[in-house]
>>> print(open('final.csv').read())   # CSV, C-alpha atoms
chain,number,residue,atom,x,y,z
V,124,MET,CA,4.2,11.7,-28.2
V,125,VAL,CA,1.1,13.2,-26.5
V,126,ALA,CA,1.5,13.8,-22.8
V,127,ARG,CA,-0.7,11.8,-20.5
V,128,SER,CA,-3.7,13.6,-19.0
V,129,VAL,CA,-3.6,11.2,-16.0
V,130,ILE,CA,-0.4,9.7,-14.6
V,131,THR,CA,-0.9,6.6,-12.5
V,132,VAL,CA,1.3,5.7,-9.5
V,133,ARG,CA,3.0,2.9,-11.4
V,134,GLN,CA,3.8,5.1,-14.4
V,135,GLU,CA,5.2,7.7,-12.0
V,136,ARG,CA,7.3,5.1,-10.3
V,137,LEU,CA,8.7,3.7,-13.6
V,138,GLY,CA,9.9,7.2,-14.5
V,139,LYS,CA,11.4,7.8,-11.1
V,140,GLU,CA,13.3,4.5,-11.2
V,141,LEU,CA,14.7,5.4,-14.6
V,142,ARG,CA,15.9,8.7,-13.1
V,143,LYS,CA,17.5,6.9,-10.3
V,144,LEU,CA,19.5,4.7,-12.8
V,145,ARG,CA,20.6,7.8,-14.6
V,146,GLU,CA,21.7,9.6,-11.4
V,147,ARG,CA,23.6,6.5,-10.2
V,148,ALA,CA,25.5,6.7,-13.5
V,149,GLY,CA,26.5,10.2,-12.6
V,150,LEU,CA,24.7,11.7,-15.5
V,151,GLY,CA,22.8,14.9,-15.6
V,152,LEU,CA,19.7,15.1,-17.8
V,153,ARG,CA,21.6,17.0,-20.6
V,154,GLU,CA,24.5,14.5,-20.5
V,155,ALA,CA,22.1,11.6,-20.7
V,156,ALA,CA,20.3,13.1,-23.6
V,157,ARG,CA,23.6,13.5,-25.5
V,158,ALA,CA,24.7,10.0,-24.7
V,159,THR,CA,21.5,8.3,-25.7
V,160,GLY,CA,20.5,10.6,-28.5
V,161,ILE,CA,17.1,11.1,-26.9
V,162,ASN,CA,15.7,14.7,-26.8
V,163,GLU,CA,16.2,16.2,-23.4
V,164,GLY,CA,12.6,17.3,-23.1
V,165,LYS,CA,11.4,13.8,-24.0
V,166,LEU,CA,13.7,12.2,-21.5
V,167,SER,CA,12.5,14.6,-18.8
V,168,ASN,CA,8.9,13.7,-19.6
V,169,VAL,CA,9.7,10.0,-19.5
V,170,GLU,CA,11.2,10.4,-16.0
V,171,ALA,CA,8.2,12.3,-14.8
V,172,GLY,CA,5.8,9.6,-16.1
V,173,ARG,CA,4.2,12.2,-18.5
V,174,VAL,CA,4.8,10.1,-21.6
V,175,GLY,CA,5.1,6.3,-22.1
V,176,VAL,CA,8.3,4.4,-22.7
V,177,SER,CA,8.7,1.0,-24.4
V,178,ALA,CA,10.4,-2.0,-22.9
V,179,GLU,CA,13.0,-1.7,-25.6
V,180,ARG,CA,13.7,1.9,-24.6
V,181,VAL,CA,13.9,0.9,-20.9
V,182,ARG,CA,16.6,-1.7,-21.8
V,183,PHE,CA,18.4,0.8,-24.0
V,184,LEU,CA,18.5,3.4,-21.2
V,185,ALA,CA,19.6,0.8,-18.6
V,186,THR,CA,22.4,-0.3,-20.9
V,187,HIS,CA,23.7,3.3,-21.4
V,188,TYR,CA,23.5,3.9,-17.7
V,189,GLY,CA,25.5,0.8,-16.9
V,190,ALA,CA,22.7,-0.7,-14.8
V,191,GLY,CA,23.9,-4.2,-13.9
V,192,ASP,CA,20.9,-5.3,-11.8
V,193,THR,CA,19.2,-7.6,-14.3
V,194,PRO,CA,16.1,-8.5,-12.1
V,195,LEU,CA,15.4,-4.8,-11.6
V,196,VAL,CA,15.7,-3.9,-15.2
V,197,ASP,CA,13.5,-6.9,-16.2
V,198,ALA,CA,10.9,-5.7,-13.7
V,199,LEU,CA,11.0,-2.1,-15.1
V,200,GLU,CA,10.5,-3.6,-18.6
V,201,VAL,CA,7.3,-5.3,-17.4
V,202,MET,CA,6.1,-2.1,-15.9
V,203,ALA,CA,6.7,-0.4,-19.3
V,204,THR,CA,4.5,-2.9,-21.1
V,205,GLU,CA,1.5,-2.8,-18.8
V,206,ARG,CA,-1.7,-1.9,-20.5
V,207,VAL,CA,-4.1,-3.0,-17.9
V,208,ARG,CA,-6.9,-0.6,-16.9
V,209,GLY,CA,-7.7,-1.8,-13.4
V,210,TRP,CA,-11.1,-1.5,-11.7
V,211,TRP,CA,-9.8,1.4,-9.6
V,212,GLU,CA,-9.7,3.6,-12.7
V,213,GLU,CA,-13.5,3.7,-12.7
V,214,HIS,CA,-13.3,5.5,-9.4
V,215,ARG,CA,-10.8,8.1,-10.4
V,216,GLY,CA,-12.3,11.5,-9.6
V,217,LEU,CA,-14.9,9.9,-7.3
V,218,VAL,CA,-12.5,9.2,-4.4
V,219,PRO,CA,-9.2,10.8,-3.5
V,220,ARG,CA,-6.2,10.0,-5.7
V,221,GLY,CA,-4.4,8.4,-2.8
V,222,PHE,CA,-7.2,5.7,-2.6
V,223,VAL,CA,-6.8,4.9,-6.3
V,224,ASP,CA,-3.0,4.8,-6.0
V,225,LEU,CA,-3.3,2.4,-3.1
V,226,ALA,CA,-5.6,0.0,-4.9
V,227,GLU,CA,-3.3,-0.1,-7.9
V,228,LEU,CA,-0.3,-0.8,-5.7
V,229,GLU,CA,-2.1,-3.5,-3.8
V,230,HIS,CA,-3.1,-5.2,-7.1
V,231,HIS,CA,0.5,-5.4,-8.3
V,232,SER,CA,2.0,-6.3,-4.9
V,233,THR,CA,3.9,-9.5,-4.2
V,234,HIS,CA,3.3,-9.2,-0.4
V,235,LEU,CA,1.7,-6.9,2.1
V,236,ARG,CA,2.9,-6.0,5.6
V,237,SER,CA,0.7,-3.8,7.7
V,238,PHE,CA,0.9,-2.3,11.1
V,239,GLU,CA,-2.0,-0.3,12.6
V,240,ILE,CA,-2.3,1.5,15.9
V,241,VAL,CA,-5.7,3.1,16.1
V,242,HIS,CA,-7.5,1.7,13.1
V,243,ILE,CA,-8.5,-1.7,11.9
V,244,PRO,CA,-6.6,-2.3,8.6
V,245,GLY,CA,-8.8,-1.3,5.7
V,246,LEU,CA,-8.6,-4.7,4.0
V,247,LEU,CA,-10.1,-6.3,7.2
V,248,GLN,CA,-12.9,-3.9,7.9
V,249,ILE,CA,-16.5,-5.1,7.7
V,250,GLU,CA,-19.0,-2.9,5.9
V,251,GLU,CA,-20.7,-1.7,9.1
V,252,HIS,CA,-17.3,-0.6,10.4
V,253,VAL,CA,-16.5,1.3,7.2
V,254,ARG,CA,-19.9,3.0,7.1
V,255,ALA,CA,-19.4,4.1,10.8
V,256,LEU,CA,-16.0,5.6,9.9
V,257,TYR,CA,-17.3,7.7,7.0
V,258,SER,CA,-20.4,8.8,9.0
V,259,GLU,CA,-18.3,10.7,11.5
V,260,PRO,CA,-19.4,14.4,11.3
V,261,SER,CA,-15.8,15.6,11.2
V,262,TRP,CA,-15.5,14.2,7.6
V,263,GLY,CA,-18.2,16.6,6.4
V,264,MET,CA,-19.0,14.4,3.5
V,265,ALA,CA,-22.2,14.2,1.5
V,266,GLU,CA,-24.0,10.9,1.3
V,267,GLU,CA,-22.9,10.3,-2.2
V,268,GLN,CA,-19.2,10.8,-1.2
V,269,ARG,CA,-19.6,8.4,1.8
V,270,GLU,CA,-21.2,5.8,-0.5
V,271,ALA,CA,-18.4,6.1,-3.1
V,272,ARG,CA,-15.7,5.7,-0.5
V,273,THR,CA,-17.4,2.8,1.2
V,274,ARG,CA,-17.9,0.9,-2.1
V,275,PHE,CA,-14.3,1.6,-3.0
V,276,ARG,CA,-12.9,0.2,0.3
V,277,LEU,CA,-15.0,-2.9,0.1
V,278,ARG,CA,-13.9,-3.5,-3.5
V,279,ARG,CA,-10.2,-3.2,-2.4
V,280,GLN,CA,-10.7,-6.2,-0.1
V,281,GLU,CA,-11.1,-8.5,-3.0
V,282,VAL,CA,-7.3,-8.5,-3.3
V,283,LEU,CA,-7.2,-10.9,-0.2
V,284,GLY,CA,-8.8,-13.5,-2.5
V,285,ARG,CA,-5.3,-13.9,-4.0
V,286,ASP,CA,-3.7,-17.0,-2.6
V,287,ASP,CA,-0.3,-15.8,-3.9
V,288,LEU,CA,-0.4,-12.6,-1.9
V,289,PRO,CA,1.1,-13.2,1.6
V,290,CYS,CA,-0.4,-10.6,4.0
V,291,GLU,CA,1.1,-10.0,7.4
V,292,VAL,CA,-1.0,-7.8,9.7
V,293,VAL,CA,0.0,-6.5,13.1
V,294,ILE,CA,-2.7,-4.6,15.0
V,295,HIS,CA,-2.2,-2.8,18.3
V,296,GLU,CA,-4.8,-3.6,21.0
V,297,ALA,CA,-5.9,0.1,20.9
V,298,ALA,CA,-7.3,-0.4,17.4
V,299,LEU,CA,-9.2,-3.5,18.5
V,300,ARG,CA,-10.8,-1.8,21.5
V,301,ILE,CA,-11.9,1.5,19.9
V,302,ARG,CA,-15.5,1.3,19.1
V,303,ARG,CA,-16.4,3.0,15.8
V,304,ALA,CA,-20.1,2.0,16.2
V,305,ASP,CA,-21.9,-0.1,18.8
V,306,ARG,CA,-21.0,-3.2,20.7
V,307,GLY,CA,-22.6,-5.5,18.1
V,308,VAL,CA,-20.5,-4.1,15.2
V,309,ALA,CA,-17.4,-4.2,17.4
V,310,ARG,CA,-17.9,-7.9,18.0
V,311,ARG,CA,-18.7,-8.7,14.4
V,312,GLN,CA,-15.6,-6.8,13.4
V,313,LEU,CA,-13.4,-8.8,15.7
V,314,LEU,CA,-14.9,-12.1,14.6
V,315,HIS,CA,-14.3,-11.1,10.9
V,316,ILE,CA,-10.6,-10.5,11.7
V,317,LEU,CA,-10.4,-14.0,13.2
V,318,GLU,CA,-12.2,-15.4,10.1
V,319,GLN,CA,-9.7,-13.7,7.7
V,320,SER,CA,-6.8,-14.9,9.8
V,321,GLU,CA,-7.7,-18.5,9.0
V,322,ARG,CA,-6.8,-17.9,5.3
V,323,PRO,CA,-3.5,-19.7,4.8
V,324,HIS,CA,-1.8,-16.5,3.3
V,325,VAL,CA,-3.1,-14.1,5.9
V,326,THR,CA,-1.3,-13.7,9.3
V,327,VAL,CA,-2.7,-11.6,12.0
V,328,ARG,CA,-0.8,-10.7,15.2
V,329,VAL,CA,-1.7,-8.4,18.1
V,330,VAL,CA,0.5,-6.0,20.1
V,331,PRO,CA,-1.1,-5.8,23.6
V,332,PHE,CA,-1.1,-2.8,25.8
V,333,ASP,CA,1.2,-4.4,28.4
V,334,ARG,CA,4.3,-4.5,26.1
V,335,ASP,CA,7.1,-2.6,27.7
V,336,GLY,CA,9.1,-0.1,25.7
V,337,PHE,CA,6.9,0.0,22.6
V,338,THR,CA,7.5,3.4,21.0
V,339,PHE,CA,6.6,2.9,17.3
V,340,ASN,CA,3.8,5.4,16.6
V,341,SER,CA,3.1,5.3,12.9
V,342,ALA,CA,0.7,3.2,10.9
V,343,VAL,CA,2.6,1.6,8.1
V,344,LEU,CA,1.9,-0.5,5.0
V,345,ILE,CA,4.7,-2.1,3.1
V,346,LEU,CA,3.7,-3.1,-0.4
V,347,GLY,CA,6.1,-5.6,-1.9
V,348,GLY,CA,7.4,-5.1,-5.5
V,349,PRO,CA,8.6,-7.8,-7.9
V,350,VAL,CA,12.1,-7.0,-6.6
V,351,PRO,CA,12.9,-5.3,-3.2
V,352,GLN,CA,14.0,-2.0,-4.8
V,353,LEU,CA,10.4,-1.6,-6.1
V,354,ASP,CA,8.8,-2.0,-2.7
V,355,THR,CA,6.6,0.9,-1.5
V,356,VAL,CA,6.0,2.1,2.0
V,357,LEU,CA,2.8,4.0,2.9
V,358,VAL,CA,3.0,5.9,6.1
V,359,ASP,CA,-0.1,7.4,7.7
V,360,THR,CA,0.3,11.1,8.6
V,361,PRO,CA,-2.2,13.7,9.9
V,362,HIS,CA,-2.6,15.0,6.4
V,363,GLY,CA,-3.0,11.6,4.6
V,364,GLY,CA,-0.9,8.8,3.4
V,365,ASN,CA,2.7,9.4,2.3
V,366,CYS,CA,4.3,7.0,-0.2
V,367,LEU,CA,8.0,6.4,0.3
V,368,ASP,CA,10.3,4.5,-2.1
V,369,ALA,CA,13.9,5.7,-1.5
V,370,GLU,CA,16.2,2.8,-0.6
V,371,ALA,CA,17.1,4.2,2.8
V,372,GLN,CA,13.4,4.7,3.7
V,373,LEU,CA,12.4,1.3,2.5
V,374,GLU,CA,15.2,-0.3,4.7
V,375,ARG,CA,14.2,1.8,7.7
V,376,TYR,CA,10.6,0.6,7.7
V,377,ARG,CA,11.5,-3.0,6.9
V,378,ARG,CA,13.6,-2.9,10.1
V,379,ALA,CA,10.8,-1.1,12.0
V,380,PHE,CA,8.3,-3.8,11.0
V,381,VAL,CA,10.6,-6.5,12.3
V,382,GLN,CA,10.7,-4.8,15.6
V,383,VAL,CA,6.9,-4.4,15.7
V,384,GLN,CA,6.6,-8.2,15.0
V,385,LYS,CA,8.9,-8.9,18.0
V,386,SER,CA,6.6,-6.9,20.2
V,387,ALA,CA,3.5,-8.8,19.0
V,388,LEU,CA,2.0,-12.0,20.4
V,389,GLY,CA,2.5,-15.2,18.4
V,390,VAL,CA,-0.1,-16.2,15.8
V,391,VAL,CA,-2.0,-18.7,18.0
V,392,GLU,CA,-1.8,-16.3,21.1
V,393,SER,CA,-3.2,-13.5,18.9
V,394,LYS,CA,-6.1,-15.6,17.8
V,395,ASP,CA,-6.8,-16.5,21.5
V,396,PHE,CA,-6.6,-12.8,22.3
V,397,LEU,CA,-9.0,-11.8,19.6
V,398,HIS,CA,-11.4,-14.5,20.6
V,399,GLN,CA,-11.4,-13.5,24.2
V,400,LEU,CA,-11.9,-9.8,23.3
V,401,ALA,CA,-14.8,-10.7,21.0
V,402,GLN,CA,-16.5,-12.6,23.9
V,403,HIS,CA,-16.2,-9.7,26.3
V,404,VAL,CA,-16.6,-6.6,24.1
>>> encode(input="final.csv", output="structure tokens")
Amino acid sequence: MVARSVITVRQERLGKELRKLRERAGLGLREAARATGINEGKLSNVEAGRVGVSAERVRFLATHYGAGDTPLVDALEVMATERVRGWWEEHRGLVPRGFVDLAELEHHSTHLRSFEIVHIPGLLQIEEHVRALYSEPSWGMAEEQREARTRFRLRRQEVLGRDDLPCEVVIHEAALRIRRADRGVARRQLLHILEQSERPHVTVRVVPFDRDGFTFNSAVLILGGPVPQLDTVLVDTPHGGNCLDAEAQLERYRRAFVQVQKSALGVVESKDFLHQLAQHV
């Protein structure tokens, strides 16, 4: 089988999950190859996402590895049969790979949980805000690059049109007060967040400055999978987003998000806060 020239984030994740099943079974790559009759090199390529794997082969491997988690194996079979070329693929090579990966993950998510400290969540940014962000001189981007990234971010926001995608957003007051452009843009941005919060599947809450003992300092996005083991956590770092999927990491950030929610105002209080801020910006 010919190796893929481009490996998507979902293909990579499928291979990684098959490797986890093998390792939980206590099998090395060579042992697994002998036990399953699959060439060791091919098995390695499957686990790296470099070549495809059928749903039948996924079930075959899971059986040999003694994987008893039926919902997880079923979900992996679905991932193996995906043949959808999403809209984001049209932008591959035009925007950073991390952007493309994020759009793909959002498209397949069952829920989104986001916490932002100094930025408005990308899915809630108005066009003027996005353009102001990418116009900062420190980016050093040509006009064509800025336009490509702006169009991509705005296209990502279409995912909020999915009524079956619960989206929980927690925003620190700092992100709401930082002006990326002028006062008019800041006000329109706040009103847009309020408007989006009226969607029945979108929840927006605010962490005000006066919360005591608030020490969480990372922007986090939790993207829900079809089963909890297939969740993904995206953590902002100074060098870009970092995708995490180890079970311990997933659990750590789920607990962290619960703590962030406890520090936030209630839904109604948050809407009042946003309304007041918009009036006095």
>>> residues_around(input="final.csv", residues="region 377-386 of chain V", least_positions_apart="5", cutoff="8 Å", atoms="all atoms listed in the file", output="VMD selection string")
chain V and resid 236 238 293 328 330 334 337 339 345
>>> closest_residue(input="final.csv", among="V:Ala297, V:Val196, V:Leu317, V:Leu283", to="Val390 (chain V)", atoms="only C-alpha atoms")
V:Leu317
>>> atom_distance(input="final.csv", atom1="CA of Leu373 (chain V)", atom2="CA of Glu179 (chain V)")
28.3 Å
>>> atom_distance(input="final.csv", atom1="CA of Arg310 (chain V)", atom2="CA of Arg254 (chain V)")
15.5 Å
>>> residues_around(input="final.csv", residues="Ile243 (chain V)", least_positions_apart="5", cutoff="12 Å", atoms="only C-alpha atoms", output="mmCIF file with C-alpha atoms, keeping the file's coordinate frame")
data_model
loop_
_atom_site.group_PDB
_atom_site.id
_atom_site.type_symbol
_atom_site.label_atom_id
_atom_site.label_comp_id
_atom_site.auth_asym_id
_atom_site.auth_seq_id
_atom_site.Cartn_x
_atom_site.Cartn_y
_atom_site.Cartn_z
ATOM 1 C CA SER V 237 0.700 -3.800 7.700
ATOM 2 C CA PHE V 238 0.900 -2.300 11.100
ATOM 3 C CA GLN V 248 -12.900 -3.900 7.900
ATOM 4 C CA ILE V 249 -16.500 -5.100 7.700
ATOM 5 C CA HIS V 252 -17.300 -0.600 10.400
ATOM 6 C CA VAL V 253 -16.500 1.300 7.200
ATOM 7 C CA LEU V 256 -16.000 5.600 9.900
ATOM 8 C CA VAL V 292 -1.000 -7.800 9.700
ATOM 9 C CA VAL V 293 0.000 -6.500 13.100
ATOM 10 C CA ILE V 294 -2.700 -4.600 15.000
ATOM 11 C CA HIS V 295 -2.200 -2.800 18.300
ATOM 12 C CA GLU V 296 -4.800 -3.600 21.000
ATOM 13 C CA ALA V 297 -5.900 0.100 20.900
ATOM 14 C CA ALA V 298 -7.300 -0.400 17.400
ATOM 15 C CA LEU V 299 -9.200 -3.500 18.500
ATOM 16 C CA ARG V 300 -10.800 -1.800 21.500
ATOM 17 C CA ILE V 301 -11.900 1.500 19.900
ATOM 18 C CA ARG V 302 -15.500 1.300 19.100
ATOM 19 C CA ARG V 303 -16.400 3.000 15.800
ATOM 20 C CA ALA V 309 -17.400 -4.200 17.400
ATOM 21 C CA GLN V 312 -15.600 -6.800 13.400
ATOM 22 C CA LEU V 313 -13.400 -8.800 15.700
ATOM 23 C CA HIS V 315 -14.300 -11.100 10.900
ATOM 24 C CA ILE V 316 -10.600 -10.500 11.700
ATOM 25 C CA VAL V 327 -2.700 -11.600 12.000
ATOM 26 C CA VAL V 329 -1.700 -8.400 18.100
ATOM 27 C CA ALA V 342 0.700 3.200 10.900
#
>>> atom_distance(input="final.csv", atom1="CA of Lys139 (chain V)", atom2="CA of Gly245 (chain V)")
27.8 Å
>>> closest_residue(input="final.csv", among="V:Ala304, V:Leu346, V:Val181, V:Met202", to="His234 (chain V)", atoms="all atoms listed in the file")
V:Leu346
>>> closest_residue(input="final.csv", among="V:Ala255, V:Ile240, V:Val218, V:Val325", to="Phe275 (chain V)", atoms="all atoms listed in the file")
V:Val218
>>> closest_residue(input="final.csv", among="V:Arg220, V:Arg157, V:Arg145, V:Arg274", to="Val129 (chain V)", atoms="only C-alpha atoms")
V:Arg220
>>> residues_around(input="final.csv", residues="Arg153 (chain V)", least_positions_apart="6", cutoff="10 Å", atoms="only C-alpha atoms", output="ChimeraX atom specification")
/V:161-164,166-167
>>> closest_residue(input="final.csv", among="V:Asp395, V:Glu200, V:Asp305, V:Glu170", to="Phe183 (chain V)", atoms="all atoms listed in the file")
V:Glu200
>>> closest_residue(input="final.csv", among="V:Val404, V:Val132, V:Val350, V:Leu141", to="Gly221 (chain V)", atoms="all atoms listed in the file")
V:Val132
>>> residues_around(input="final.csv", residues="Ala198 (chain V)", least_positions_apart="2", cutoff="10 Å", atoms="only C-alpha atoms", output="ChimeraX atom specification")
/V:137,178,193-196,200-203,348-350,353
>>> residues_around(input="final.csv", residues="region 212-214 of chain V", least_positions_apart="5", cutoff="9 Å", atoms="all atoms listed in the file", output="PyMOL selection string")
chain V and resi 219+223+227+271+275
>>> build_atoms(input="final.csv", residues="region 367-377 of chain V", atoms="all heavy atoms", output="PDB file, in the coordinates of the input")
ATOM      1  N   LEU V 367       6.575   6.301   0.217  1.00  0.00           N
ATOM      2  CA  LEU V 367       8.000   6.400   0.300  1.00  0.00           C
ATOM      3  C   LEU V 367       8.635   5.283  -0.575  1.00  0.00           C
ATOM      4  O   LEU V 367       8.149   4.147  -0.547  1.00  0.00           O
ATOM      5  CB  LEU V 367       8.533   6.291   1.700  1.00  0.00           C
ATOM      6  CG  LEU V 367       7.875   7.211   2.740  1.00  0.00           C
ATOM      7  CD1 LEU V 367       8.393   6.880   4.127  1.00  0.00           C
ATOM      8  CD2 LEU V 367       8.129   8.672   2.403  1.00  0.00           C
ATOM      9  N   ASP V 368       9.701   5.590  -1.305  1.00  0.00           N
ATOM     10  CA  ASP V 368      10.300   4.500  -2.100  1.00  0.00           C
ATOM     11  C   ASP V 368      11.858   4.685  -2.199  1.00  0.00           C
ATOM     12  O   ASP V 368      12.505   3.944  -2.922  1.00  0.00           O
ATOM     13  CB  ASP V 368       9.737   4.485  -3.512  1.00  0.00           C
ATOM     14  CG  ASP V 368       9.760   5.827  -4.221  1.00  0.00           C
ATOM     15  OD1 ASP V 368      10.795   6.518  -4.147  1.00  0.00           O
ATOM     16  OD2 ASP V 368       8.746   6.193  -4.840  1.00  0.00           O
ATOM     17  N   ALA V 369      12.446   5.635  -1.479  1.00  0.00           N
ATOM     18  CA  ALA V 369      13.900   5.700  -1.500  1.00  0.00           C
ATOM     19  C   ALA V 369      14.473   4.530  -0.721  1.00  0.00           C
ATOM     20  O   ALA V 369      13.876   4.036   0.245  1.00  0.00           O
ATOM     21  CB  ALA V 369      14.338   7.034  -0.765  1.00  0.00           C
ATOM     22  N   GLU V 370      15.612   4.049  -1.162  1.00  0.00           N
ATOM     23  CA  GLU V 370      16.200   2.800  -0.600  1.00  0.00           C
ATOM     24  C   GLU V 370      16.368   2.910   0.910  1.00  0.00           C
ATOM     25  O   GLU V 370      16.081   1.956   1.648  1.00  0.00           O
ATOM     26  CB  GLU V 370      17.494   2.481  -1.287  1.00  0.00           C
ATOM     27  CG  GLU V 370      17.326   2.045  -2.733  1.00  0.00           C
ATOM     28  CD  GLU V 370      18.646   1.666  -3.378  1.00  0.00           C
ATOM     29  OE1 GLU V 370      19.617   1.403  -2.633  1.00  0.00           O
ATOM     30  OE2 GLU V 370      18.709   1.629  -4.618  1.00  0.00           O
ATOM     31  N   ALA V 371      16.862   4.047   1.393  1.00  0.00           N
ATOM     32  CA  ALA V 371      17.100   4.200   2.800  1.00  0.00           C
ATOM     33  C   ALA V 371      15.769   4.159   3.597  1.00  0.00           C
ATOM     34  O   ALA V 371      15.694   3.590   4.692  1.00  0.00           O
ATOM     35  CB  ALA V 371      17.809   5.525   3.107  1.00  0.00           C
ATOM     36  N   GLN V 372      14.725   4.758   3.028  1.00  0.00           N
ATOM     37  CA  GLN V 372      13.400   4.700   3.700  1.00  0.00           C
ATOM     38  C   GLN V 372      12.832   3.343   3.708  1.00  0.00           C
ATOM     39  O   GLN V 372      12.271   2.908   4.726  1.00  0.00           O
ATOM     40  CB  GLN V 372      12.472   5.699   2.946  1.00  0.00           C
ATOM     41  CG  GLN V 372      12.868   7.160   3.040  1.00  0.00           C
ATOM     42  CD  GLN V 372      12.061   8.027   2.097  1.00  0.00           C
ATOM     43  OE1 GLN V 372      11.714   7.616   0.990  1.00  0.00           O
ATOM     44  NE2 GLN V 372      11.748   9.241   2.529  1.00  0.00           N
ATOM     45  N   LEU V 373      12.951   2.639   2.603  1.00  0.00           N
ATOM     46  CA  LEU V 373      12.400   1.300   2.500  1.00  0.00           C
ATOM     47  C   LEU V 373      13.105   0.403   3.604  1.00  0.00           C
ATOM     48  O   LEU V 373      12.437  -0.344   4.327  1.00  0.00           O
ATOM     49  CB  LEU V 373      12.683   0.669   1.156  1.00  0.00           C
ATOM     50  CG  LEU V 373      11.927   1.299  -0.017  1.00  0.00           C
ATOM     51  CD1 LEU V 373      12.369   0.659  -1.327  1.00  0.00           C
ATOM     52  CD2 LEU V 373      10.425   1.155   0.162  1.00  0.00           C
ATOM     53  N   GLU V 374      14.417   0.506   3.714  1.00  0.00           N
ATOM     54  CA  GLU V 374      15.200  -0.300   4.700  1.00  0.00           C
ATOM     55  C   GLU V 374      14.772   0.064   6.105  1.00  0.00           C
ATOM     56  O   GLU V 374      14.638  -0.809   6.981  1.00  0.00           O
ATOM     57  CB  GLU V 374      16.650  -0.153   4.455  1.00  0.00           C
ATOM     58  CG  GLU V 374      17.503  -1.101   5.296  1.00  0.00           C
ATOM     59  CD  GLU V 374      17.136  -2.560   5.100  1.00  0.00           C
ATOM     60  OE1 GLU V 374      16.748  -2.943   3.981  1.00  0.00           O
ATOM     61  OE2 GLU V 374      17.219  -3.329   6.092  1.00  0.00           O
ATOM     62  N   ARG V 375      14.602   1.346   6.352  1.00  0.00           N
ATOM     63  CA  ARG V 375      14.200   1.800   7.700  1.00  0.00           C
ATOM     64  C   ARG V 375      12.914   1.166   8.135  1.00  0.00           C
ATOM     65  O   ARG V 375      12.785   0.660   9.262  1.00  0.00           O
ATOM     66  CB  ARG V 375      14.102   3.314   7.723  1.00  0.00           C
ATOM     67  CG  ARG V 375      13.565   3.850   9.048  1.00  0.00           C
ATOM     68  CD  ARG V 375      13.177   5.300   8.968  1.00  0.00           C
ATOM     69  NE  ARG V 375      12.506   5.731  10.186  1.00  0.00           N
ATOM     70  CZ  ARG V 375      11.839   6.859  10.306  1.00  0.00           C
ATOM     71  NH1 ARG V 375      11.773   7.704   9.292  1.00  0.00           N
ATOM     72  NH2 ARG V 375      11.247   7.179  11.444  1.00  0.00           N
ATOM     73  N   TYR V 376      11.925   1.165   7.267  1.00  0.00           N
ATOM     74  CA  TYR V 376      10.600   0.600   7.700  1.00  0.00           C
ATOM     75  C   TYR V 376      10.549  -0.875   7.636  1.00  0.00           C
ATOM     76  O   TYR V 376       9.760  -1.475   8.363  1.00  0.00           O
ATOM     77  CB  TYR V 376       9.520   1.271   6.777  1.00  0.00           C
ATOM     78  CG  TYR V 376       9.211   2.685   7.224  1.00  0.00           C
ATOM     79  CD1 TYR V 376       9.745   3.780   6.563  1.00  0.00           C
ATOM     80  CD2 TYR V 376       8.421   2.913   8.352  1.00  0.00           C
ATOM     81  CE1 TYR V 376       9.494   5.081   6.996  1.00  0.00           C
ATOM     82  CE2 TYR V 376       8.158   4.201   8.787  1.00  0.00           C
ATOM     83  CZ  TYR V 376       8.696   5.277   8.107  1.00  0.00           C
ATOM     84  OH  TYR V 376       8.457   6.565   8.553  1.00  0.00           O
ATOM     85  N   ARG V 377      11.400  -1.504   6.847  1.00  0.00           N
ATOM     86  CA  ARG V 377      11.500  -3.000   6.900  1.00  0.00           C
ATOM     87  C   ARG V 377      12.005  -3.354   8.319  1.00  0.00           C
ATOM     88  O   ARG V 377      11.487  -4.275   8.964  1.00  0.00           O
ATOM     89  CB  ARG V 377      12.435  -3.506   5.854  1.00  0.00           C
ATOM     90  CG  ARG V 377      11.898  -3.421   4.435  1.00  0.00           C
ATOM     91  CD  ARG V 377      12.842  -4.140   3.480  1.00  0.00           C
ATOM     92  NE  ARG V 377      12.546  -3.838   2.085  1.00  0.00           N
ATOM     93  CZ  ARG V 377      13.318  -3.126   1.275  1.00  0.00           C
ATOM     94  NH1 ARG V 377      14.469  -2.630   1.737  1.00  0.00           N
ATOM     95  NH2 ARG V 377      12.988  -2.910   0.022  1.00  0.00           N
TER      96      ARG V 377
END
